[in-house]
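What follows is a short report on a single structure.
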Amino acid sequence: MGILSIFSKDKKEKLDKGLFVTKQTFFSRLAKAITGKATVDHEVLANLEEILITSDVGVDTTMKIIDRIQKRVEQQRKVETAELNKILREEISSLMVQSDVTDQSGEFTFPQNKKPYVIMVVGVNGVGKTTTIGKLAYQFKKAGASVMLGAADTFRAAAVDQLTIWSERIGVQIVSQGMNADPASVAFDTLKSAVSKDSDVVIIDTAGRLHNKVNLMNELSKIKKVMQKVVPDAPHEILLVLDGSTGQNAIEQCKQFTAATDVNALAITKLDGTAKGGVVIGISDQFKIPVKYIGVGEKMEDLQVFNKHEFVDSLFKQ
Amino acid sequence: MFDSLSDKIERAFKLLKGQGKITEVNVSETVKEIRKALLDADVNYKVAKQFTDTVKEKALGQNVLTAISPGQLLTKITRDELALLMGGASVDIKLSSSPTVILMSGLQGSGKTTFSGKLASYLKNKRGKKPLLIACDLYRPAAIDQLHVLGEQIGVEVFSDRESKDAVSIAKRGVQQAKENGNSVVIIDTAGRLAVDEVMMNEIEAVKKAVDPDEILFVVDAMTGQDAVNTAKAFNERLNFDGVVLTKLDGDTRGGAALSIKSVVNKPIKFVGTGEKMEAMDVFHPERMADRILGMGDVVTLVERAQEQFNVEDARKLQKKIAKNQFDFNDFVAQLQQIKKMGNMKDLVSMIPGVGKAIKDVDIKDDAFNGIEAIVASMTPYEREHPESLNGSRRQRIAKGSGTSVTDVNKLIKQFDETRKMMRMMGDKKNMMKMMSQMKNMR
Ligand SMILES: Nc1nc2c(ncn2[C@@H]2O[C@H](COP(=O)(O)OP(=O)(O)OP(=O)(O)O)[C@@H](O)[C@H]2O)c(=O)[nH]1
Ligand SMILES: [Mg+2]
């Protein structure tokens with residue numbers, strides 16, 4: 001319980017609520033897999049394989065995890081199934097990078113030495129970019145920061161309206177030029193305005209785009225470049241939003257968006273559903289990009305700072 | 001679409017290439033690869049397992065025809081199974097009643113609103129209907145605006161009530177208006193919801209009860225992972241939907257969710273979304289999709305046509321001739337004619353895995369063989385059977401007779417020699433596909 005005790009009980013319960021479905025399903029199936037067995041045998045490993053793959057962990061990562069466990073089994077001759085939880089927890093944790101930007105407190109923070117701190121939010125269509133921006137703005141504002149949003153999704157029908165409603169709901173400023181405006185120009189304007197108004201955080205919404213569309217990916221690079229005319233090291237954070245119910249294609253999304261814009265943070269949404277979000281493990285392992293946030297609902301409070309120990313723990317908590 | 005899956009399966013089949021017959025051992029390896037490919041493609045774990053078990057069973061029972069490699073045969077079995085799994089012929093949308101009421105359902109962000117617009121546009125322009133869109137997503141900020149913008153774009157009326165939070169009442173009033181205004185189709189856009197959200201699932205169930213839809217569509221993102229099966233099952237249990245819409249297929253997802261959903265809820269996939277524009281949709285063709293999933297599914301057509309054209313006896317005789325290096329110009333022309341009978345040249349060549357993409361923009365004429373045939377026709381029977389007899393003066397005569405140049409004749413003879421060499425090399429494992437790709441260069 002060492003890891004657990006770091007967190008307050010209140011915080012823990014909230015996460016458990018968010019990951020309730022994930023945890024319940026994963027654990028109950030694991031329990032079933034090991035019931036009535038004293039040692040980790042072939043059948044248990046086969047069951048484990050099924051559990052991991054049906055959680056979207058992916059074949060390669062699953063094999064990696066199982067290989068490691070198999071090695072431990074070989075070394076120790078016999079591994080009691082009771083130990084399996086602990087081993088799994090360790091092995092999966094070791095695959096995931098922890099965000100060094102967020103501190104371990106689980107609070108929503110951002111570097112104070114960059115002002116304005118510029119976050120550009122990217123991702124494929126419908127993953128939850130705009131909603132995540134609303135939730136983030138809410139958290140930063142709650143933490144006392146002045147926040148400015150940039151409505152650079154000028155493409156999808158009523159996208160500007162959507163972000164505007166969020167800005168009103170939370171009570172933060174927004175810069176927009178309406179639909180069909182040049183997104184780079186909106187981003188430029190937003191940063192100008194943020195500098196002149198001395199804002200602490202800027203969050204730029206962008207239109208959803210599929211990562212295999214070269215022109216649209218180039219547009220992102222352009223938006224990024226234009227922002228640097230105002231704030232030379234902007235954007236400080238490029239947040240790729242991934243839908244928690246997405247399968248292995250999330251890996252390709254991560255690869256392509258990273259190639260186009262140097263993604264340095266991830267958010268996984270919709271973890272309040274039945275999707276297991278296991279794709280996070282493989283992505284974190286492969287790209288060494290930390291998952292910073294998880295979305296666990298549609299309301300503005302439904303965003304949490306990601307913590308791998310909590311994540312893994314909530315999967316295997318007895 | 002589905003490139004990655006086909007690449008993987010293609011690789012899996014390569015393991016089988018060059019093996020004469022299908023045995024337990026070589027099939028097991030390939031089947032394992034296919035299973036991994038399916039899982040990488042997000043096909044549900046259980047569905048993938050069931051699927052590969054069937055493929056294996058069928059493959060072991062099969063005789064390998066001389067004209068086809070085991071890999072090609074397994075391709076065909078895999079594709080046939082895949083097509084079976086995806087459902088039979090394409091299923092249209094029911095449009096008989098007036099107004100026809102269509103209810104959209106699905107998770108958040110799956111693409112319901114966009115698809116509602118596309119469907120309205122399709123029904124208006126392609127099916128001569130007069131649709132009405134009803135905005136029943138009352139939760140996501142600006143969802144109603146989004147539908148209005150789309151409606152304006154495609155010239156379709158939108159019914160909404162910004163004051164109301166009662167989806168059932170809005171849906172009912174919308175249908176009523178449609179009846180009064182003579183709209184022949186009504187499309188109800190709803191909020192995205194999780195299957196585990198009791199309140200929201202009750203809401204859509206109540207909407208269903210109130211308007212008694214002719215067609216309930218479940219909209220699902222093609223990139224969905226293993227959970228696709230659970231969600232589809234849960235929505236189906238609550239709504240007993242009529243069909244599935246698969247969106248965002250213009251991405252590079254392998255789309256395994258499509259395979260799983262069909263097999264788990266046994267409902268047809270009716271439409272696919274292929275882009276952000278209002279025209280970017282297509283009706284769903286299971287066969288075509290199965291072919292597409294394999295990418296090399298076209299090989300199947302090739303195998304089928306080859307099976308039709310190839311007389312097993314002839315093939316055996318030919319093999320003997322090749323083995324003895326007696327393959328001559330008569331056989332050569334016979335082969336060309338067989339290939340021609342199999343269909344359009346470019347189609348055929350593009351069916352070869354890996355070649356399809358490469359020659360997409362290359363211009364291959366159907367009469368590519370005409371020159372070749374003319375040259376061979378100008379040879380004497382002796383020359384055809386004894387290609388080595390073709391000296392300079394004979395070549396000149398042939399060129400003249402066929403209305404070509406000596407260079408053309410030389411080129412053909414050189415290609416013939418190469419083909420013969422290659423065929424010998426391949427020996428009894430005569431490989432259609434290699435020969436075909438060789439043919440591609442003969443122009
Ligand atoms: N249940 C749940 N729904 C979410 C979550 N995050 C976002 N959503 C919902 O997902 C849908 C799409 O969210 P958006 O924020 O519009 O997604 P987007 O990426 O901005 O979409 P585009 O701009 O159209 O590409 C909305 O209905 C949101 O309410 C989450 O964590 N849980
Ligand atoms: Mg958006």
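Each chain in the structure tokens gets a letter, A, B and so on, in the order shown; residues start at 1 in every chain, and ligands are counted from 1 in the order they appear.
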Select all residues from chain B having any atom no more than 10 Å from an atom of chain A (counting only C-alpha atoms, ignoring ligands), output as a PyMOL selection string.
chain B and resi 36-37+39-46+107-111+113-114+139-150+153+193-197+221-228+230-231+248-257+275-276
Residues within 6 Å of range 215-224 of chain A, please, as an MDAnalysis selection string. Count only C-alpha atoms; anything in the same chain fewer than 3 positions from it doesn't count.
chainID A and resid 184 227 261
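Distance annotation: of B:Leu103, B:Asp282, B:Asn236, B:Lys130, the residue with the minimal separation from Ala210 in chain B is B:Leu103; atom set is only C-alpha atoms.
Interatomic distance, CA of Leu74 in chain B against CA of Ala59 in chain B: 6.4 Å.
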Sel. of helix (DSSP H, G or I) residues, range 145-313 of chain A, as a PyMOL selection string:
chain A and resi 159-170+183-196+214-228+249-261+279-287+308-313
Enumerate, as number ranges by chain, the complete set of residues in range 166-308 of chain A that a backbone-based DSSP assignment places in strand (DSSP E or B).
A: 173-175, 201-206, 237-243, 246, 265-269, 291-295, 303-305
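Nearest residue to ligand 1, choosing from A:Val195, A:Met96, A:Val230, A:Val122 and counting only C-alpha atoms and all ligand atoms: A:Val122.
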